[in-house]
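A.B. asks: Got a structure for you, upload.pdb, holding PDB, C-alpha atoms.
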ATOM      1  CA  MET A   1    -100.051 -69.213 -68.718
ATOM      2  CA  ALA A   2     -96.508 -70.367 -67.953
ATOM      3  CA  VAL A   3     -95.577 -70.865 -64.306
ATOM      4  CA  TYR A   4     -92.230 -70.529 -62.580
ATOM      5  CA  THR A   5     -90.375 -73.806 -62.040
ATOM      6  CA  LEU A   6     -87.467 -74.884 -59.862
ATOM      7  CA  PRO A   7     -84.347 -75.184 -62.045
ATOM      8  CA  ASP A   8     -82.193 -78.289 -61.904
ATOM      9  CA  LEU A   9     -78.636 -77.903 -60.660
ATOM     10  CA  ALA A  10     -75.723 -78.522 -63.006
ATOM     11  CA  TYR A  11     -73.983 -80.569 -60.294
ATOM     12  CA  ASP A  12     -74.838 -83.048 -57.531
ATOM     13  CA  TYR A  13     -75.767 -81.834 -54.056
ATOM     14  CA  GLY A  14     -72.436 -83.038 -52.690
ATOM     15  CA  ALA A  15     -70.334 -81.517 -55.466
ATOM     16  CA  LEU A  16     -69.508 -78.267 -53.654
ATOM     17  CA  GLU A  17     -68.104 -79.911 -50.521
ATOM     18  CA  PRO A  18     -66.231 -79.137 -48.356
ATOM     19  CA  ALA A  19     -67.025 -75.439 -48.826
ATOM     20  CA  MET A  20     -70.771 -76.137 -48.919
ATOM     21  CA  SER A  21     -72.141 -79.355 -47.459
ATOM     22  CA  GLY A  22     -74.449 -81.565 -49.476
ATOM     23  CA  GLN A  23     -77.037 -81.417 -46.707
ATOM     24  CA  ILE A  24     -77.173 -77.631 -46.827
ATOM     25  CA  LEU A  25     -77.271 -77.516 -50.626
ATOM     26  CA  GLU A  26     -80.105 -80.051 -50.828
ATOM     27  CA  LEU A  27     -82.210 -78.220 -48.219
ATOM     28  CA  HIS A  28     -81.413 -74.848 -49.757
ATOM     29  CA  HIS A  29     -82.362 -75.871 -53.277
ATOM     30  CA  SER A  30     -85.182 -78.384 -52.788
ATOM     31  CA  LYS A  31     -86.917 -76.650 -49.861
ATOM     32  CA  HIS A  32     -86.062 -72.941 -49.645
ATOM     33  CA  HIS A  33     -85.741 -72.165 -53.356
ATOM     34  CA  ALA A  34     -88.748 -74.338 -54.106
ATOM     35  CA  ALA A  35     -90.766 -72.310 -51.588
ATOM     36  CA  TYR A  36     -89.954 -69.084 -53.458
ATOM     37  CA  VAL A  37     -91.067 -70.666 -56.729
ATOM     38  CA  LYS A  38     -94.361 -71.745 -55.168
ATOM     39  CA  GLY A  39     -94.795 -68.352 -53.499
ATOM     40  CA  SER A  40     -94.333 -66.582 -56.841
ATOM     41  CA  ASN A  41     -96.899 -68.750 -58.590
ATOM     42  CA  ASP A  42     -99.380 -68.458 -55.706
ATOM     43  CA  ALA A  43     -99.066 -64.668 -55.691
ATOM     44  CA  LEU A  44     -99.683 -64.488 -59.432
ATOM     45  CA  ASP A  45    -102.792 -66.661 -59.039
ATOM     46  CA  GLN A  46    -104.100 -64.412 -56.273
ATOM     47  CA  LEU A  47    -103.434 -61.280 -58.325
ATOM     48  CA  ALA A  48    -105.389 -62.816 -61.194
ATOM     49  CA  GLU A  49    -108.301 -63.389 -58.800
ATOM     50  CA  LEU A  50    -108.191 -59.727 -57.752
ATOM     51  CA  ARG A  51    -108.371 -58.621 -61.374
ATOM     52  CA  GLU A  52    -111.237 -60.980 -62.082
ATOM     53  CA  LYS A  53    -113.222 -59.661 -59.122
ATOM     54  CA  GLY A  54    -112.228 -56.047 -59.660
ATOM     55  CA  ASP A  55    -111.419 -55.830 -55.953
ATOM     56  CA  PHE A  56    -107.873 -54.652 -55.321
ATOM     57  CA  GLY A  57    -108.063 -54.255 -51.548
ATOM     58  CA  ALA A  58    -105.311 -56.831 -50.986
ATOM     59  CA  LEU A  59    -103.077 -55.536 -53.788
ATOM     60  CA  VAL A  60    -100.348 -53.914 -51.696
ATOM     61  CA  GLY A  61     -99.637 -57.055 -49.684
ATOM     62  CA  LEU A  62     -99.685 -59.281 -52.749
ATOM     63  CA  GLU A  63     -97.326 -57.011 -54.676
ATOM     64  CA  LYS A  64     -94.829 -57.211 -51.820
ATOM     65  CA  THR A  65     -95.276 -60.975 -51.586
ATOM     66  CA  LEU A  66     -94.659 -61.360 -55.309
ATOM     67  CA  ALA A  67     -91.554 -59.135 -55.198
ATOM     68  CA  PHE A  68     -90.147 -61.103 -52.256
ATOM     69  CA  ASN A  69     -90.690 -64.551 -53.743
ATOM     70  CA  LEU A  70     -89.887 -63.724 -57.348
ATOM     71  CA  SER A  71     -86.670 -61.923 -56.388
ATOM     72  CA  GLY A  72     -85.734 -64.925 -54.254
ATOM     73  CA  HIS A  73     -86.330 -67.207 -57.234
ATOM     74  CA  VAL A  74     -84.284 -65.003 -59.585
ATOM     75  CA  LEU A  75     -81.345 -64.571 -57.199
ATOM     76  CA  HIS A  76     -81.173 -68.268 -56.339
ATOM     77  CA  SER A  77     -81.313 -69.189 -60.038
ATOM     78  CA  VAL A  78     -78.283 -66.925 -60.599
ATOM     79  CA  PHE A  79     -76.544 -68.210 -57.441
ATOM     80  CA  TRP A  80     -76.587 -71.885 -58.467
ATOM     81  CA  ASN A  81     -75.037 -71.078 -61.854
ATOM     82  CA  ASN A  82     -72.499 -68.720 -60.267
ATOM     83  CA  LEU A  83     -71.105 -71.726 -58.370
ATOM     84  CA  SER A  84     -69.096 -74.675 -59.654
ATOM     85  CA  PRO A  85     -67.070 -77.500 -58.121
ATOM     86  CA  ASP A  86     -64.322 -76.339 -60.508
ATOM     87  CA  GLY A  87     -64.685 -72.660 -59.579
ATOM     88  CA  GLY A  88     -62.345 -70.191 -57.978
ATOM     89  CA  ASP A  89     -59.385 -68.103 -59.116
ATOM     90  CA  ARG A  90     -60.444 -64.814 -60.795
ATOM     91  CA  PRO A  91     -61.907 -63.589 -64.090
ATOM     92  CA  ASP A  92     -59.989 -62.513 -67.175
ATOM     93  CA  GLY A  93     -60.762 -60.633 -70.374
ATOM     94  CA  GLU A  94     -63.357 -57.856 -70.549
ATOM     95  CA  LEU A  95     -64.899 -58.594 -67.160
ATOM     96  CA  ALA A  96     -61.502 -58.405 -65.466
ATOM     97  CA  ASP A  97     -60.832 -55.095 -67.210
ATOM     98  CA  ALA A  98     -64.229 -53.714 -66.143
ATOM     99  CA  ILE A  99     -63.650 -54.750 -62.527
ATOM    100  CA  THR A 100     -60.313 -52.930 -62.535
ATOM    101  CA  GLU A 101     -61.894 -49.867 -64.163
ATOM    102  CA  HIS A 102     -64.823 -49.597 -61.766
ATOM    103  CA  PHE A 103     -63.250 -50.812 -58.508
ATOM    104  CA  GLY A 104     -59.540 -50.083 -58.915
ATOM    105  CA  SER A 105     -58.434 -53.715 -58.663
ATOM    106  CA  PHE A 106     -59.811 -57.217 -58.286
ATOM    107  CA  GLU A 107     -58.690 -57.208 -54.652
ATOM    108  CA  ALA A 108     -60.622 -54.005 -53.936
ATOM    109  CA  PHE A 109     -63.726 -55.424 -55.624
ATOM    110  CA  ALA A 110     -63.484 -58.715 -53.747
ATOM    111  CA  GLY A 111     -63.049 -56.865 -50.463
ATOM    112  CA  GLN A 112     -66.150 -54.760 -51.100
ATOM    113  CA  LEU A 113     -68.344 -57.698 -52.165
ATOM    114  CA  SER A 114     -67.155 -59.788 -49.225
ATOM    115  CA  SER A 115     -67.828 -56.954 -46.799
ATOM    116  CA  ALA A 116     -71.268 -56.276 -48.317
ATOM    117  CA  THR A 117     -72.194 -59.950 -47.898
ATOM    118  CA  LYS A 118     -70.774 -60.371 -44.408
ATOM    119  CA  SER A 119     -72.370 -57.208 -43.030
ATOM    120  CA  VAL A 120     -75.946 -57.568 -44.325
ATOM    121  CA  GLN A 121     -78.226 -56.893 -41.372
ATOM    122  CA  GLY A 122     -80.461 -59.911 -40.914
ATOM    123  CA  SER A 123     -80.975 -61.788 -44.180
ATOM    124  CA  GLY A 124     -79.816 -60.731 -47.616
ATOM    125  CA  TRP A 125     -77.240 -60.906 -50.369
ATOM    126  CA  GLY A 126     -74.055 -59.356 -51.655
ATOM    127  CA  VAL A 127     -74.374 -58.676 -55.390
ATOM    128  CA  LEU A 128     -72.117 -57.639 -58.249
ATOM    129  CA  ALA A 129     -74.509 -55.919 -60.660
ATOM    130  CA  TRP A 130     -74.438 -54.104 -63.989
ATOM    131  CA  GLU A 131     -76.115 -50.682 -63.894
ATOM    132  CA  PRO A 132     -77.078 -49.765 -67.477
ATOM    133  CA  LEU A 133     -77.665 -46.009 -67.152
ATOM    134  CA  GLY A 134     -74.164 -45.320 -65.860
ATOM    135  CA  ARG A 135     -72.817 -48.315 -67.782
ATOM    136  CA  ARG A 136     -70.861 -49.520 -64.790
ATOM    137  CA  LEU A 137     -70.427 -52.341 -62.326
ATOM    138  CA  LEU A 138     -71.724 -51.838 -58.791
ATOM    139  CA  VAL A 139     -71.679 -53.860 -55.591
ATOM    140  CA  GLU A 140     -75.108 -53.859 -53.971
ATOM    141  CA  GLN A 141     -76.143 -55.005 -50.514
ATOM    142  CA  VAL A 142     -79.576 -56.576 -50.855
ATOM    143  CA  TYR A 143     -81.865 -56.906 -47.846
ATOM    144  CA  ASP A 144     -84.089 -59.991 -47.893
ATOM    145  CA  HIS A 145     -84.320 -60.532 -51.667
ATOM    146  CA  HIS A 146     -85.356 -57.211 -53.154
ATOM    147  CA  GLY A 147     -84.455 -54.194 -51.031
ATOM    148  CA  ASN A 148     -81.678 -51.631 -51.512
ATOM    149  CA  VAL A 149     -81.229 -52.353 -55.227
ATOM    150  CA  GLY A 150     -80.598 -49.822 -57.982
ATOM    151  CA  GLN A 151     -83.538 -49.862 -60.407
ATOM    152  CA  GLY A 152     -82.631 -51.583 -63.660
ATOM    153  CA  SER A 153     -79.451 -53.180 -62.348
ATOM    154  CA  THR A 154     -78.779 -56.768 -63.415
ATOM    155  CA  PRO A 155     -77.163 -59.264 -61.002
ATOM    156  CA  LEU A 156     -74.051 -60.930 -62.374
ATOM    157  CA  LEU A 157     -72.549 -62.544 -59.270
ATOM    158  CA  VAL A 158     -74.551 -63.104 -56.089
ATOM    159  CA  PHE A 159     -73.546 -64.333 -52.626
ATOM    160  CA  ASP A 160     -76.396 -65.605 -50.466
ATOM    161  CA  ALA A 161     -76.146 -64.402 -46.854
ATOM    162  CA  TRP A 162     -79.380 -65.923 -45.531
ATOM    163  CA  GLU A 163     -78.739 -68.182 -42.550
ATOM    164  CA  HIS A 164     -80.252 -71.176 -44.341
ATOM    165  CA  ALA A 165     -77.341 -70.947 -46.812
ATOM    166  CA  TYR A 166     -74.681 -71.687 -44.194
ATOM    167  CA  TYR A 167     -75.879 -72.079 -40.597
ATOM    168  CA  LEU A 168     -75.904 -75.899 -40.409
ATOM    169  CA  GLN A 169     -72.227 -75.902 -41.383
ATOM    170  CA  TYR A 170     -70.760 -72.575 -40.270
ATOM    171  CA  LYS A 171     -73.111 -71.794 -37.356
ATOM    172  CA  ASN A 172     -73.080 -68.028 -36.752
ATOM    173  CA  VAL A 173     -69.690 -67.417 -38.413
ATOM    174  CA  ARG A 174     -70.932 -65.940 -41.685
ATOM    175  CA  PRO A 175     -67.501 -64.493 -42.642
ATOM    176  CA  ASP A 176     -65.951 -67.986 -42.877
ATOM    177  CA  TYR A 177     -68.747 -69.084 -45.227
ATOM    178  CA  VAL A 178     -68.341 -65.980 -47.426
ATOM    179  CA  ASP A 179     -64.577 -66.466 -47.653
ATOM    180  CA  ARG A 180     -65.120 -70.052 -48.847
ATOM    181  CA  LEU A 181     -67.562 -68.973 -51.567
ATOM    182  CA  TRP A 182     -64.742 -67.364 -53.554
ATOM    183  CA  GLY A 183     -63.302 -70.820 -54.187
ATOM    184  CA  LEU A 184     -66.550 -71.872 -55.869
ATOM    185  CA  VAL A 185     -67.176 -68.904 -58.183
ATOM    186  CA  ASN A 186     -67.871 -69.982 -61.747
ATOM    187  CA  TRP A 187     -66.274 -67.045 -63.535
ATOM    188  CA  ALA A 188     -67.279 -68.404 -66.949
ATOM    189  CA  ASP A 189     -70.923 -67.929 -65.934
ATOM    190  CA  VAL A 190     -70.291 -64.436 -64.537
ATOM    191  CA  GLN A 191     -68.390 -63.452 -67.684
ATOM    192  CA  ALA A 192     -71.226 -64.761 -69.896
ATOM    193  CA  ARG A 193     -73.733 -62.655 -67.934
ATOM    194  CA  TYR A 194     -71.495 -59.607 -68.283
ATOM    195  CA  ALA A 195     -71.124 -60.171 -72.022
ATOM    196  CA  ALA A 196     -74.911 -60.501 -72.403
ATOM    197  CA  VAL A 197     -75.754 -57.250 -70.576
ATOM    198  CA  THR A 198     -73.074 -55.225 -72.314
ATOM    199  CA  ALA A 199     -74.115 -56.601 -75.713
ATOM    200  CA  ALA A 200     -77.714 -55.636 -74.971
ATOM    201  CA  ARG A 201     -76.543 -52.126 -74.110
ATOM    202  CA  ALA A 202     -74.667 -51.827 -77.384
ATOM    203  CA  ALA A 203     -77.691 -52.994 -79.389
TER     204      ALA A 203
END
Rewrite the structure of this file - the entire thing - as structure tokens.
C.D. replies:
Amino acid sequence: MAVYTLPDLAYDYGALEPAMSGQILELHHSKHHAAYVKGSNDALDQLAELREKGDFGALVGLEKTLAFNLSGHVLHSVFWNNLSPDGGDRPDGELADAITEHFGSFEAFAGQLSSATKSVQGSGWGVLAWEPLGRRLLVEQVYDHHGNVGQGSTPLLVFDAWEHAYYLQYKNVRPDYVDRLWGLVNWADVQARYAAVTAARAA
């Protein structure tokens, strides 16, 4: 059975400086993200053992462990592709139109996503997501990796607000880190994700 693997980055660890230091990016990717990949695979192995034994006494804890690690793996995989050394500015085309439709303006959207990321209690994420039932864009404030999320929503743009994403460089000033992320956003990636989810809806 296939296992989860740590994806390679499309850029060098130092490519996002000065907004994100190479030291932070290397630790974040090679240690923290790698731990979520391992945690996902370990949880799946342990769930397989439960099924084999027919003893599901530890199921609740393992389900939570799998959700935590797998969501961490998914969100980080999106995060790395959402960033680019050539990022910044703002989207155009259909995504820009959808942002205006659902948030009023790009500035209003950016203010909400920034605020959601800066104000996460403890560890978490700010997320621009597509919600298929209402066919709309939403900003979600994710606790840890998997809490407070609309069921079925698909992340398009994610901002990591865990301390390991910024503390070595920005100390406890999370807002400065979040403000710098906007200059790294790879809108081509976000637009491709938006096009994929809306095409799937139409099909």
A.B. asks: Which residues would end up in the selection if the PyMOL selection byres ((chain A and resi 144) around 8) were applied here, given that I need the answer as a PyMOL selection string?
C.D. replies: chain A and resi 68+122-125+142-143+145-147+162
A.B. asks: Between A:Arg193, A:Arg135, A:Arg180, A:His32, which one has atoms that come closest to A:Gly87, using all atoms listed in the file?
C.D. replies: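 Smallest distance to A:Gly87 is found for A:Arg180.
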A.B. asks: List the residues selected by the PyMOL selection byres ((chain A and resi 79) around 8) in the file shown, writing them as a PyMOL selection string.
C.D. replies: chain A and resi 75-78+80-83+157-160
A.B. asks: Find the distance between atom CA of A:Tyr194 and atom CA of A:Ser153 and write it in Å to one decimal.
C.D. replies: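 A separation of 11.8 Å between them.
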A.B. asks: So, with only C-alpha atoms as the atoms that count, which of A:Thr100, A:Asn186, A:Thr65, A:Gln151 lies closest to A:Ala43?
C.D. replies: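 The answer is A:Thr65, which sits nearest to A:Ala43.
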A.B. asks: Give me the residues near stretch 9-26 of chain A as a list in words, where near means some atom within 9 Å (using all atoms listed in the file) and where sequence neighbours in that chain fewer than 6 positions away do not count.
C.D. replies: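 Near neighbours after the sequence-gap exclusion: Trp80, Asn81, Leu83, Ser84, Pro85, Asp86, His164, Ala165, Tyr166, Tyr167, Leu168, Gln169, Tyr177, Arg180, Leu181, Gly183 and Leu184 of chain A.
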A.B. asks: Find the residue from A:Pro91, A:Arg136, A:His102, A:Arg174 that sits nearest to A:Ser119; use only C-alpha atoms when measuring.
C.D. replies: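 Residue with the minimum atom-to-atom distance to A:Ser119: A:Arg174.
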A.B. asks: Which is closer to A:Lys118 than all the others in A:Pro175, A:Pro155, A:Gly39, A:Gly61, using all atoms listed in the file?
C.D. replies: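 Smallest distance to A:Lys118 is found for A:Pro175.
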A.B. asks: Work out how far apart atom CA of A:Asp176 and atom CA of A:Gln121 are and give it in Å to one decimal.
C.D. replies: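 Separation between atom CA of A:Asp176 and atom CA of A:Gln121: 16.6 Å.
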A.B. asks: Any idea what's packed within 12 Å of A:Glu101, counting all atoms listed in the file, ignoring anything in its chain fewer than 4 positions away? Could you give it as a PDB file with C-alpha atoms, in the frame of the given file?
C.D. replies:
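Once everything was written out, this is part_0.pdb:
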ATOM      1  CA  GLU A  94     -63.357 -57.856 -70.549  1.00  0.00           C
ATOM      2  CA  LEU A  95     -64.899 -58.594 -67.160  1.00  0.00           C
ATOM      3  CA  ALA A  96     -61.502 -58.405 -65.466  1.00  0.00           C
ATOM      4  CA  ASP A  97     -60.832 -55.095 -67.210  1.00  0.00           C
ATOM      5  CA  SER A 105     -58.434 -53.715 -58.663  1.00  0.00           C
ATOM      6  CA  PHE A 106     -59.811 -57.217 -58.286  1.00  0.00           C
ATOM      7  CA  ALA A 108     -60.622 -54.005 -53.936  1.00  0.00           C
ATOM      8  CA  PHE A 109     -63.726 -55.424 -55.624  1.00  0.00           C
ATOM      9  CA  ARG A 135     -72.817 -48.315 -67.782  1.00  0.00           C
ATOM     10  CA  ARG A 136     -70.861 -49.520 -64.790  1.00  0.00           C
ATOM     11  CA  LEU A 137     -70.427 -52.341 -62.326  1.00  0.00           C
ATOM     12  CA  LEU A 138     -71.724 -51.838 -58.791  1.00  0.00           C
TER      13      LEU A 138
END
A.B. asks: Find, counting only C-alpha atoms, the residue in A:Asp8, A:Asp189, A:Asp45, A:Asp179 that gets nearest to A:Gly111.
C.D. replies: A:Asp179
A.B. asks: Suppose you want the space between atom CA of A:Ala195 and atom CA of A:Gly72; what is it in Å?
C.D. replies: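 Taking atom CA of A:Ala195 as the start and atom CA of A:Gly72 as the end point, the length is 23.5 Å.
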A.B. asks: Could you tell me which of A:Asp89, A:Val178, A:Ala98, A:His33 comes closest to A:Gly126 if we count all atoms listed in the file?
C.D. replies: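 Going through A:Asp89, A:Val178, A:Ala98, A:His33 one by one, the smallest distance to A:Gly126 is for A:Val178.
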A.B. asks: Which residues fall under the PyMOL selection byres ((chain A and resi 62) around 10) in this file, as a list of chain:residue names?
C.D. replies: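 Selected by the PyMOL selection byres ((chain A and resi 62) around 10) here: A:Ser40, A:Asp42, A:Ala43, A:Leu44, A:Gln46, A:Leu47, A:Leu50, A:Phe56, A:Gly57, A:Ala58, A:Leu59, A:Val60, A:Gly61, A:Glu63, A:Lys64, A:Thr65, A:Leu66, A:Ala67, A:Phe68.
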